[in-house]
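Content type CSV, C-alpha atoms and all ligand atoms, from the file upload00.csv:
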```csv
chain,number,residue,atom,x,y,z
A,1,GLU,CA,0.0,0.0,0.0
A,2,LYS,CA,1.4,3.4,-1.0
A,3,THR,CA,1.7,5.9,1.8
A,4,SER,CA,1.6,9.4,0.3
A,5,ARG,CA,3.3,12.3,2.0
A,6,PRO,CA,1.3,15.4,3.0
A,7,ALA,CA,0.9,17.7,0.0
A,8,ALA,CA,-1.4,20.5,-1.2
A,9,THR,CA,-1.8,22.4,-4.5
A,10,ALA,CA,-3.1,26.0,-4.6
A,11,VAL,CA,-3.9,28.5,-7.3
A,12,ALA,CA,-3.7,32.3,-7.0
A,13,HIS,CA,-3.8,35.3,-9.3
A,14,PRO,CA,-1.9,38.6,-9.4
A,15,ASN,CA,-3.7,41.8,-8.3
A,16,ILE,CA,-3.4,45.4,-9.5
A,17,ALA,CA,-3.6,48.0,-6.8
A,18,LEU,CA,-5.9,51.0,-7.4
A,19,VAL,CA,-4.6,52.5,-4.2
A,20,LYS,CA,-1.0,51.5,-4.0
A,21,TYR,CA,1.2,50.0,-1.2
A,22,TRP,CA,4.5,51.9,-1.3
A,23,GLY,CA,6.5,52.0,2.0
A,24,LYS,CA,6.9,49.8,5.0
A,25,ARG,CA,6.7,50.7,8.7
A,26,ASP,CA,8.2,47.3,9.6
A,27,ASP,CA,10.5,45.5,7.2
A,28,GLU,CA,10.5,42.2,9.2
A,29,LEU,CA,6.7,41.8,9.6
A,30,ILE,CA,6.0,43.7,6.3
A,31,LEU,CA,3.6,46.2,7.9
A,32,PRO,CA,2.8,49.0,5.4
A,33,VAL,CA,2.8,52.7,6.2
A,34,ALA,CA,-0.8,53.0,4.8
A,35,GLY,CA,-3.6,50.8,3.6
A,36,SER,CA,-4.2,49.9,-0.1
A,37,MET,CA,-6.9,48.6,-2.3
A,38,SER,CA,-6.8,46.3,-5.4
A,39,MET,CA,-8.5,44.1,-8.0
A,40,THR,CA,-7.5,40.4,-8.0
A,41,LEU,CA,-7.3,39.4,-11.7
A,42,ASP,CA,-9.1,36.6,-13.5
A,43,ALA,CA,-5.9,35.8,-15.5
A,44,PHE,CA,-2.2,34.9,-15.1
A,45,ALA,CA,-2.7,32.2,-12.5
A,46,THR,CA,0.2,30.7,-10.4
A,47,THR,CA,-0.3,27.1,-9.4
A,48,THR,CA,1.9,25.8,-6.6
A,49,THR,CA,2.3,22.4,-5.0
A,50,VAL,CA,4.0,21.9,-1.6
A,51,GLU,CA,4.9,18.3,-0.7
A,52,LEU,CA,6.6,17.5,2.6
A,53,LEU,CA,9.8,15.5,2.3
A,54,GLU,CA,10.7,12.5,4.5
A,55,GLU,CA,11.9,13.2,8.0
A,56,GLY,CA,15.6,13.9,7.8
A,57,ALA,CA,15.7,15.6,4.4
A,58,ALA,CA,18.2,18.5,4.8
A,59,THR,CA,17.0,21.1,2.3
A,60,ASP,CA,13.9,22.4,0.6
A,61,SER,CA,13.7,22.4,-3.2
A,62,PHE,CA,11.9,24.9,-5.4
A,63,ILE,CA,11.1,24.2,-9.1
A,64,LEU,CA,9.8,27.4,-10.8
A,65,ASN,CA,8.4,27.0,-14.3
A,66,ASP,CA,10.2,23.6,-14.8
A,67,ALA,CA,13.6,24.8,-13.7
A,68,PRO,CA,15.3,24.6,-10.3
A,69,ALA,CA,15.2,28.1,-8.7
A,70,SER,CA,18.3,29.6,-7.1
A,71,GLY,CA,19.4,33.0,-5.6
A,72,LYS,CA,16.8,35.4,-4.3
A,73,PRO,CA,13.7,33.5,-5.4
A,74,LEU,CA,15.0,30.3,-3.6
A,75,GLU,CA,16.1,32.3,-0.5
A,76,ARG,CA,12.7,34.0,-0.1
A,77,THR,CA,10.8,30.7,-0.6
A,78,VAL,CA,12.9,28.9,2.0
A,79,ALA,CA,12.5,31.9,4.5
A,80,PHE,CA,8.8,31.7,3.9
A,81,LEU,CA,8.7,28.0,4.6
A,82,ASP,CA,10.8,28.6,7.7
A,83,HIS,CA,8.0,30.9,8.9
A,84,VAL,CA,5.3,28.3,8.1
A,85,ARG,CA,7.4,25.6,9.9
A,86,ALA,CA,7.7,27.8,13.0
A,87,LEU,CA,3.9,28.2,13.0
A,88,ALA,CA,3.3,24.5,12.6
A,89,GLY,CA,6.0,23.3,15.0
A,90,SER,CA,7.6,21.2,12.2
A,91,GLU,CA,11.1,20.8,11.0
A,92,ARG,CA,10.3,18.8,7.9
A,93,ARG,CA,11.7,20.2,4.6
A,94,ALA,CA,9.5,20.5,1.5
A,95,ALA,CA,9.5,20.3,-2.3
A,96,VAL,CA,7.8,23.3,-3.9
A,97,THR,CA,6.8,23.3,-7.5
A,98,SER,CA,5.3,26.4,-9.0
A,99,VAL,CA,4.1,27.4,-12.5
A,100,ASN,CA,3.3,30.9,-13.6
A,101,GLU,CA,0.8,31.4,-16.4
A,102,ALA,CA,1.8,35.0,-16.9
A,103,PRO,CA,4.1,34.9,-19.9
A,104,THR,CA,7.4,36.3,-18.8
A,105,GLY,CA,6.6,39.1,-21.2
A,106,ALA,CA,3.4,40.1,-19.4
A,107,GLY,CA,5.4,42.4,-17.2
A,108,LEU,CA,3.2,41.5,-14.3
A,109,ALA,CA,4.8,41.0,-10.9
A,110,SER,CA,4.4,37.4,-10.0
A,111,SER,CA,5.3,37.9,-6.3
A,112,ALA,CA,1.7,38.5,-5.3
A,113,SER,CA,0.2,35.4,-6.9
A,114,GLY,CA,3.3,33.4,-6.0
A,115,PHE,CA,3.3,34.1,-2.3
A,116,ALA,CA,-0.6,33.8,-2.1
A,117,ALA,CA,-0.5,30.4,-3.7
A,118,LEU,CA,2.5,29.4,-1.6
A,119,ALA,CA,0.8,30.5,1.7
A,120,LEU,CA,-2.3,28.4,1.0
A,121,ALA,CA,-0.4,25.3,-0.3
A,122,ALA,CA,2.3,25.4,2.4
A,123,SER,CA,-0.1,26.1,5.3
A,124,THR,CA,-2.3,23.2,4.2
A,125,ALA,CA,0.5,20.8,3.6
A,126,TYR,CA,1.9,21.6,7.1
A,127,GLY,CA,-1.5,21.0,8.6
A,128,LEU,CA,-2.3,24.5,9.7
A,129,GLU,CA,-6.0,25.4,9.3
A,130,LEU,CA,-6.0,29.1,8.6
A,131,ASP,CA,-9.1,31.2,7.9
A,132,GLU,CA,-9.0,33.9,5.2
A,133,ARG,CA,-7.6,36.6,7.5
A,134,ALA,CA,-4.8,34.4,8.9
A,135,LEU,CA,-4.0,33.4,5.3
A,136,SER,CA,-3.8,37.0,4.2
A,137,ARG,CA,-1.5,37.8,7.1
A,138,LEU,CA,0.7,34.8,6.3
A,139,ALA,CA,0.9,35.8,2.5
A,140,ARG,CA,1.9,39.3,3.6
A,141,ARG,CA,5.1,37.9,5.1
A,142,GLY,CA,6.2,36.8,1.7
A,143,SER,CA,5.3,39.9,-0.2
A,144,GLY,CA,3.1,42.8,1.0
A,145,SER,CA,0.9,42.8,-2.1
A,146,ALA,CA,0.3,39.0,-1.7
A,147,SER,CA,-1.9,39.7,1.2
A,148,ARG,CA,-4.5,41.0,-1.3
A,149,SER,CA,-4.3,38.1,-3.7
A,150,ILE,CA,-5.8,35.8,-1.1
A,151,ILE,CA,-9.1,37.8,-1.6
A,152,ASP,CA,-11.8,37.5,-4.2
A,153,ARG,CA,-12.4,40.4,-6.6
A,154,TYR,CA,-11.6,43.6,-4.7
A,155,ALA,CA,-9.5,43.8,-1.6
A,156,VAL,CA,-8.6,46.4,1.0
A,157,TRP,CA,-5.4,45.7,2.9
A,158,HIS,CA,-5.8,47.4,6.3
A,159,ALA,CA,-2.4,48.8,7.3
A,160,GLY,CA,-2.9,47.8,10.9
A,161,THR,CA,-0.4,48.4,13.7
A,162,ASP,CA,0.9,44.9,14.3
A,163,ASP,CA,0.9,41.4,12.7
A,164,GLU,CA,-2.6,40.6,13.9
A,165,SER,CA,-4.2,43.8,12.5
A,166,SER,CA,-2.5,44.0,9.1
A,167,PHE,CA,-4.6,41.9,6.7
A,168,ALA,CA,-6.7,42.2,3.5
A,169,GLU,CA,-10.4,41.6,3.2
A,170,GLU,CA,-13.0,41.8,0.4
A,171,ILE,CA,-14.7,45.1,-0.4
A,172,GLU,CA,-17.7,45.5,-2.7
A,173,ALA,CA,-17.0,47.5,-5.9
A,174,PRO,CA,-18.6,47.8,-9.4
A,175,ASP,CA,-17.6,45.4,-12.1
A,176,LEU,CA,-14.6,46.9,-13.9
A,177,ARG,CA,-12.0,45.9,-16.5
A,178,LEU,CA,-8.2,46.5,-16.7
A,179,VAL,CA,-6.7,46.8,-20.1
A,180,ILE,CA,-3.1,45.8,-19.5
A,181,VAL,CA,-0.6,47.3,-21.9
A,182,THR,CA,2.8,45.7,-21.8
A,183,VAL,CA,5.1,48.5,-23.0
A,184,ASP,CA,8.3,46.7,-22.0
A,185,ALA,CA,8.6,43.1,-20.9
A,186,ARG,CA,12.1,43.3,-19.5
A,187,GLU,CA,12.8,42.8,-15.8
A,188,LYS,CA,12.9,46.1,-13.9
A,189,ALA,CA,16.3,47.5,-12.9
A,190,VAL,CA,15.4,48.4,-9.4
A,191,SER,CA,13.2,46.0,-7.3
A,192,SER,CA,10.1,47.4,-5.5
A,193,ARG,CA,11.7,46.4,-2.2
A,194,GLU,CA,14.8,48.4,-2.9
A,195,ALA,CA,13.0,51.4,-4.3
A,196,MET,CA,10.6,51.5,-1.3
A,197,ARG,CA,13.5,51.6,1.0
A,198,LEU,CA,15.1,54.4,-1.0
A,199,THR,CA,11.9,56.4,-1.0
A,200,ALA,CA,11.6,56.2,2.8
A,201,GLN,CA,15.2,57.2,3.3
A,202,THR,CA,15.7,60.0,0.7
A,203,SER,CA,12.4,61.5,-0.5
A,204,PRO,CA,11.5,64.9,1.0
A,205,PHE,CA,7.9,64.1,0.0
A,206,TYR,CA,7.6,60.8,1.9
A,207,GLU,CA,5.4,62.1,4.8
A,208,ALA,CA,3.1,63.8,2.4
A,209,TRP,CA,2.8,60.6,0.3
A,210,ILE,CA,1.8,58.6,3.4
A,211,GLY,CA,-0.9,61.2,4.3
A,212,SER,CA,-2.2,61.4,0.8
A,213,THR,CA,-2.4,57.5,0.5
A,214,GLU,CA,-4.6,57.4,3.7
A,215,ALA,CA,-6.8,60.1,2.2
A,216,SER,CA,-7.0,58.3,-1.2
A,217,LEU,CA,-8.0,55.0,0.5
A,218,GLU,CA,-10.8,56.7,2.5
A,219,GLU,CA,-12.1,58.3,-0.7
A,220,MET,CA,-11.8,55.1,-2.6
A,221,THR,CA,-13.7,53.2,0.0
A,222,ARG,CA,-16.5,55.8,-0.3
A,223,ALA,CA,-16.5,55.7,-4.1
A,224,CYS,CA,-16.7,51.8,-4.0
A,225,ALA,CA,-19.6,51.9,-1.6
A,226,ALA,CA,-21.4,54.4,-3.8
A,227,GLY,CA,-20.7,52.2,-6.9
A,228,ASP,CA,-19.1,55.3,-8.5
A,229,ALA,CA,-16.9,53.9,-11.3
A,230,THR,CA,-15.8,57.4,-12.5
A,231,ARG,CA,-14.6,58.5,-9.1
A,232,ILE,CA,-12.9,55.1,-8.6
A,233,GLY,CA,-11.0,55.8,-11.8
A,234,GLU,CA,-10.1,59.4,-11.0
A,235,ILE,CA,-8.6,58.4,-7.6
A,236,THR,CA,-6.8,55.5,-9.2
A,237,GLU,CA,-5.0,57.7,-11.8
A,238,SER,CA,-4.1,60.6,-9.6
A,239,HIS,CA,-2.9,58.2,-6.8
A,240,ALA,CA,-0.7,56.2,-9.2
A,241,LEU,CA,0.9,59.3,-10.6
A,242,ARG,CA,1.6,60.5,-7.1
A,243,MET,CA,3.3,57.2,-6.4
A,244,HIS,CA,5.5,57.7,-9.4
A,245,ALA,CA,6.2,61.3,-8.4
A,246,VAL,CA,7.4,60.3,-4.9
A,247,ILE,CA,9.5,57.4,-6.4
A,248,SER,CA,11.2,59.9,-8.9
A,249,SER,CA,12.0,62.2,-6.0
A,250,THR,CA,14.5,59.8,-4.5
A,251,GLU,CA,18.3,60.2,-4.5
A,252,PRO,CA,19.5,58.7,-6.7
A,253,PRO,CA,16.2,59.1,-8.6
A,254,VAL,CA,14.3,56.0,-9.8
A,255,ARG,CA,12.0,56.4,-12.8
A,256,TYR,CA,9.8,53.5,-13.7
A,257,LEU,CA,7.6,55.2,-16.4
A,258,ALA,CA,9.1,55.2,-19.9
A,259,PRO,CA,8.0,57.3,-22.9
A,260,GLY,CA,5.8,54.4,-24.0
A,261,SER,CA,4.1,54.4,-20.6
A,262,VAL,CA,3.3,58.1,-20.9
A,263,ALA,CA,1.8,57.5,-24.4
A,264,VAL,CA,-0.7,55.1,-22.8
A,265,PHE,CA,-1.7,57.6,-20.1
A,266,ASP,CA,-2.1,60.1,-23.0
A,267,VAL,CA,-4.6,57.8,-24.7
A,268,ALA,CA,-6.7,57.7,-21.5
A,269,VAL,CA,-6.7,61.6,-21.5
A,270,ARG,CA,-7.8,61.7,-25.2
A,271,LEU,CA,-10.5,59.0,-24.7
A,272,ARG,CA,-11.9,60.9,-21.7
A,273,GLU,CA,-12.3,64.0,-23.8
A,274,GLN,CA,-14.5,61.8,-26.0
A,275,GLY,CA,-16.6,60.8,-23.0
A,276,VAL,CA,-15.0,57.3,-22.3
A,277,PRO,CA,-14.5,56.6,-18.6
A,278,VAL,CA,-10.9,55.3,-18.6
A,279,TYR,CA,-8.0,55.9,-16.2
A,280,GLY,CA,-4.4,54.8,-16.0
A,281,THR,CA,-2.3,53.2,-13.3
A,282,ALA,CA,1.2,51.6,-13.2
A,283,ASP,CA,3.2,49.6,-10.7
A,284,ALA,CA,6.9,49.6,-10.2
A,285,GLY,CA,7.6,49.3,-13.9
A,286,PRO,CA,6.8,50.8,-17.3
A,287,ASN,CA,3.6,48.8,-18.1
A,288,VAL,CA,0.3,50.6,-17.8
A,289,CYS,CA,-3.2,49.3,-16.9
A,290,LEU,CA,-6.2,51.3,-18.1
A,291,LEU,CA,-9.2,51.0,-15.8
A,292,THR,CA,-12.6,51.2,-17.5
A,293,THR,CA,-16.1,49.7,-17.5
A,294,PRO,CA,-17.0,46.4,-19.1
A,295,GLU,CA,-18.9,48.2,-21.9
A,296,HIS,CA,-15.9,50.3,-22.9
A,297,ALA,CA,-13.1,47.7,-22.6
A,298,ASP,CA,-13.0,46.8,-26.3
A,299,GLN,CA,-12.9,50.4,-27.4
A,300,VAL,CA,-10.1,51.1,-24.9
A,301,ALA,CA,-8.2,48.0,-26.1
A,302,ALA,CA,-8.5,49.1,-29.7
A,303,ALA,CA,-7.2,52.6,-28.9
A,304,VAL,CA,-3.9,51.3,-27.4
A,305,GLU,CA,-3.2,48.9,-30.2
A,306,GLY,CA,0.4,49.2,-31.3
A,307,LEU,CA,1.6,50.7,-28.0
A,308,GLY,CA,2.3,47.2,-26.6
A,309,GLU,CA,1.0,43.8,-25.9
A,310,VAL,CA,-2.7,44.2,-24.9
A,311,ARG,CA,-4.8,42.0,-22.6
A,312,VAL,CA,-8.2,42.7,-21.1
A,313,VAL,CA,-8.8,41.3,-17.6
A,314,GLY,CA,-11.5,41.5,-14.9
A,315,PRO,CA,-12.0,40.8,-11.2
A,316,GLY,CA,-11.1,37.2,-10.4
A,317,PRO,CA,-11.0,34.7,-7.5
A,318,GLY,CA,-8.8,34.7,-4.4
A,319,ALA,CA,-6.5,31.8,-3.6
A,320,ARG,CA,-8.0,28.4,-3.9
A,321,LEU,CA,-7.0,24.8,-3.1
A,322,LEU,CA,-7.1,22.3,-6.0
A,323,ASP,CA,-9.3,19.4,-4.9
A,324,GLU,CA,-7.3,16.4,-6.2
A,325,GLN,CA,-5.0,16.2,-3.2
A,326,GLY,CA,-7.7,17.0,-0.6
A,401,LIG,O1,4.5,43.4,-2.7
A,401,LIG,P1,5.6,44.1,-3.3
A,401,LIG,O2,6.8,44.2,-2.4
A,401,LIG,O3,5.9,43.5,-4.7
A,401,LIG,O4,5.2,45.6,-3.7
A,401,LIG,C1,4.2,46.0,-4.6
A,401,LIG,C2,4.3,47.4,-4.9
A,401,LIG,C3,3.3,47.9,-6.0
A,401,LIG,O5,3.0,46.9,-6.9
A,401,LIG,C4,4.1,49.0,-6.8
A,401,LIG,C5,2.1,48.5,-5.4
A,401,LIG,C6,1.0,47.6,-5.0
A,401,LIG,O6,0.3,48.0,-4.1
A,401,LIG,O7,0.9,46.5,-5.5
```
Structure translated into structure tokens:
Amino acid sequence: EKTSRPAATAVAHPNIALVKYWGKRDDELILPVAGSMSMTLDAFATTTTVELLEEGAATDSFILNDAPASGKPLERTVAFLDHVRALAGSERRAAVTSVNEAPTGAGLASSASGFAALALAASTAYGLELDERALSRLARRGSGSASRSIIDRYAVWHAGTDDESSFAEEIEAPDLRLVIVTVDAREKAVSSREAMRLTAQTSPFYEAWIGSTEASLEEMTRACAAGDATRIGEITESHALRMHAVISSTEPPVRYLAPGSVAVFDVAVRLREQGVPVYGTADAGPNVCLLTTPEHADQVAAAVEGLGEVRVVGPGPGARLLDEQG
């Protein structure tokens, strides 16, 4: 009779923040300086399996997209597993296998979907029974934005003041679409982790950024409750440009937006003049997402043709276990 080792497989998707997370108040616990809000996507899934190894196995292994991972990705995965083992009171090593559906060219950060899927698969394999809030807190330890990928559709990540109070939960919002324009698929030169640290240490505008993010989140919460897609879009664009402003005010300066990114923001301005509700946002890279209503998504996608690889996505599910392994 075959005795199978404990294992679990989970699926999670990336999320795009409409109110951004940019800055930590605690590097170790990954507590943010302010709350944030995002849409979990219905595309670019990460599927991750964690299988516990026999007692006595000395190291974890991590296969990412069919190749053994090394360096930073391996280090961060092992550190995350160490945290799960501490919670579970276990010393057993694990084999992690992960596949990202996002083409390497999508320019989408895979850390959010990656750590959300790893949090669910690892906590299940190690026998922890975590509710959604505890899972969000656990995913946060891998990558701040991963706390939001646990959640269905739209999430607010409460900044909190300690490990217990810093988690994401679902928020009602109107059905919206993001037209993702991949302007440049190359890996960014400065990681978000590094640029966040630089912003906190050198930007003269950092305090103002923190205050303005808190205000944007409050306004965003009201706009969502009111089902006001236009206001949601307006806050999204001005907030994103403020994030890029504070990032470009560092020393040495970091600039993520490229001429091609600005061209996409310009398309949004032009379409708005024609009465189309469309608003831009961008993360720590040159690729731009245009937020619009389901009725206008095709028109917006057509308007950015030629400016990059285009993909229309909508709100998607939070992290889920795949049934086969129970
Ligand atoms: O979770 P991290 O460390 O990859 O940081 C994410 C930062 C942004 O994507 C730029 C903003 C956000 O809220 O997702």
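Taking all atoms listed in the file into account, ligand LIG 401 (chain A) has within 6 Å the residues Ile16, Ala17, Lys20, Tyr21, Trp22, Ser111, Ser143, Gly144, Ser145, Ser192, Arg193, Asp283 and Ala284 of chain A.
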Top pick for closest residue to Ser98 of chain A, considering A:Leu18, A:Arg137, A:Gly127, A:Thr9 and counting all atoms listed in the file:
A:Thr9
Mind checking which residues fall within 12 Å of segment 75-77 of chain A, counting only C-alpha atoms, ignoring those fewer than 2 positions away in the same chain, and posting them as a VMD selection string?
chain A and resid 48 50 59 to 64 69 to 73 79 to 84 93 to 98 111 114 to 119 122 139 141 to 143
Include C-alpha atoms and write out the residues we just selected as a PDB file, in the frame of the given file.
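out.pdb written:
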```
ATOM      1  CA  THR A  48       1.900  25.800  -6.600  1.00  0.00           C
ATOM      2  CA  VAL A  50       4.000  21.900  -1.600  1.00  0.00           C
ATOM      3  CA  THR A  59      17.000  21.100   2.300  1.00  0.00           C
ATOM      4  CA  ASP A  60      13.900  22.400   0.600  1.00  0.00           C
ATOM      5  CA  SER A  61      13.700  22.400  -3.200  1.00  0.00           C
ATOM      6  CA  PHE A  62      11.900  24.900  -5.400  1.00  0.00           C
ATOM      7  CA  ILE A  63      11.100  24.200  -9.100  1.00  0.00           C
ATOM      8  CA  LEU A  64       9.800  27.400 -10.800  1.00  0.00           C
ATOM      9  CA  ALA A  69      15.200  28.100  -8.700  1.00  0.00           C
ATOM     10  CA  SER A  70      18.300  29.600  -7.100  1.00  0.00           C
ATOM     11  CA  GLY A  71      19.400  33.000  -5.600  1.00  0.00           C
ATOM     12  CA  LYS A  72      16.800  35.400  -4.300  1.00  0.00           C
ATOM     13  CA  PRO A  73      13.700  33.500  -5.400  1.00  0.00           C
ATOM     14  CA  ALA A  79      12.500  31.900   4.500  1.00  0.00           C
ATOM     15  CA  PHE A  80       8.800  31.700   3.900  1.00  0.00           C
ATOM     16  CA  LEU A  81       8.700  28.000   4.600  1.00  0.00           C
ATOM     17  CA  ASP A  82      10.800  28.600   7.700  1.00  0.00           C
ATOM     18  CA  HIS A  83       8.000  30.900   8.900  1.00  0.00           C
ATOM     19  CA  VAL A  84       5.300  28.300   8.100  1.00  0.00           C
ATOM     20  CA  ARG A  93      11.700  20.200   4.600  1.00  0.00           C
ATOM     21  CA  ALA A  94       9.500  20.500   1.500  1.00  0.00           C
ATOM     22  CA  ALA A  95       9.500  20.300  -2.300  1.00  0.00           C
ATOM     23  CA  VAL A  96       7.800  23.300  -3.900  1.00  0.00           C
ATOM     24  CA  THR A  97       6.800  23.300  -7.500  1.00  0.00           C
ATOM     25  CA  SER A  98       5.300  26.400  -9.000  1.00  0.00           C
ATOM     26  CA  SER A 111       5.300  37.900  -6.300  1.00  0.00           C
ATOM     27  CA  GLY A 114       3.300  33.400  -6.000  1.00  0.00           C
ATOM     28  CA  PHE A 115       3.300  34.100  -2.300  1.00  0.00           C
ATOM     29  CA  ALA A 116      -0.600  33.800  -2.100  1.00  0.00           C
ATOM     30  CA  ALA A 117      -0.500  30.400  -3.700  1.00  0.00           C
ATOM     31  CA  LEU A 118       2.500  29.400  -1.600  1.00  0.00           C
ATOM     32  CA  ALA A 119       0.800  30.500   1.700  1.00  0.00           C
ATOM     33  CA  ALA A 122       2.300  25.400   2.400  1.00  0.00           C
ATOM     34  CA  ALA A 139       0.900  35.800   2.500  1.00  0.00           C
ATOM     35  CA  ARG A 141       5.100  37.900   5.100  1.00  0.00           C
ATOM     36  CA  GLY A 142       6.200  36.800   1.700  1.00  0.00           C
ATOM     37  CA  SER A 143       5.300  39.900  -0.200  1.00  0.00           C
TER      38      SER A 143
END
```
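Closest to Met243 of chain A among A:Arg222, A:Arg85, A:Arg5, A:Arg255 is A:Arg255, based on only C-alpha atoms.
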Point out the residue among A:Ile171, A:Ala208, A:Leu176, A:Val310 with the least atom-to-atom distance to Pro294 of chain A, counting all atoms listed in the file.
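The shortest atom-to-atom distance to Pro294 of chain A comes from A:Leu176.
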Could you check which of A:Tyr126, A:Phe205, A:Phe44, A:Tyr154 is closest to Pro174 of chain A, using only C-alpha atoms?
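Result for the nearest residue to Pro174 of chain A: A:Tyr154.
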Between A:Ser149, A:Leu217, A:Gly316, A:Val181, smallest distance to Phe265 of chain A by only C-alpha atoms belongs to A:Val181
For a quick check of your reading of the model, name the residues lying within 12 Å of the coordinate (8.2, 60.8, -7.4), counting all atoms listed in the file, and write them as an NGL selection string.
:A and (22 or 195-196 or 198-200 or 202-206 or 208-209 or 239-257 or 284)
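The smallest atom-to-atom distance between Cys224 of chain A and any of A:Ala86, A:Asp175, A:Asp184, A:Gly306, using all atoms listed in the file, is found for A:Asp175.
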What separation in Å, quoted to one decimal, exists between atom CA of Glu169 of chain A and atom CA of Arg133 of chain A?
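A separation of 7.2 Å between them.
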What is the distance between atom CA of Ser165 of chain A and atom CA of Gly35 of chain A, in Å to one decimal?
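One can read the atom CA of Ser165 of chain A to atom CA of Gly35 of chain A distance as 11.3 Å.
Atom CA of Val156 of chain A to atom CA of Ala225 of chain A spans 12.6 Å [interatomic distance, one decimal].
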Would you pick out the contacts of Ala319 of chain A at 6 Å or less, using all atoms listed in the file, so that residues sharing its chain but fewer than 6 positions from it are not included, and give the list as a ChimeraX atom specification?
/A:11-12,150
Residues near Pro6 of chain A, anyone? I mean within 7 Å using all atoms listed in the file, not counting same-chain ones fewer than 4 positions away, as a count of residues only.
3
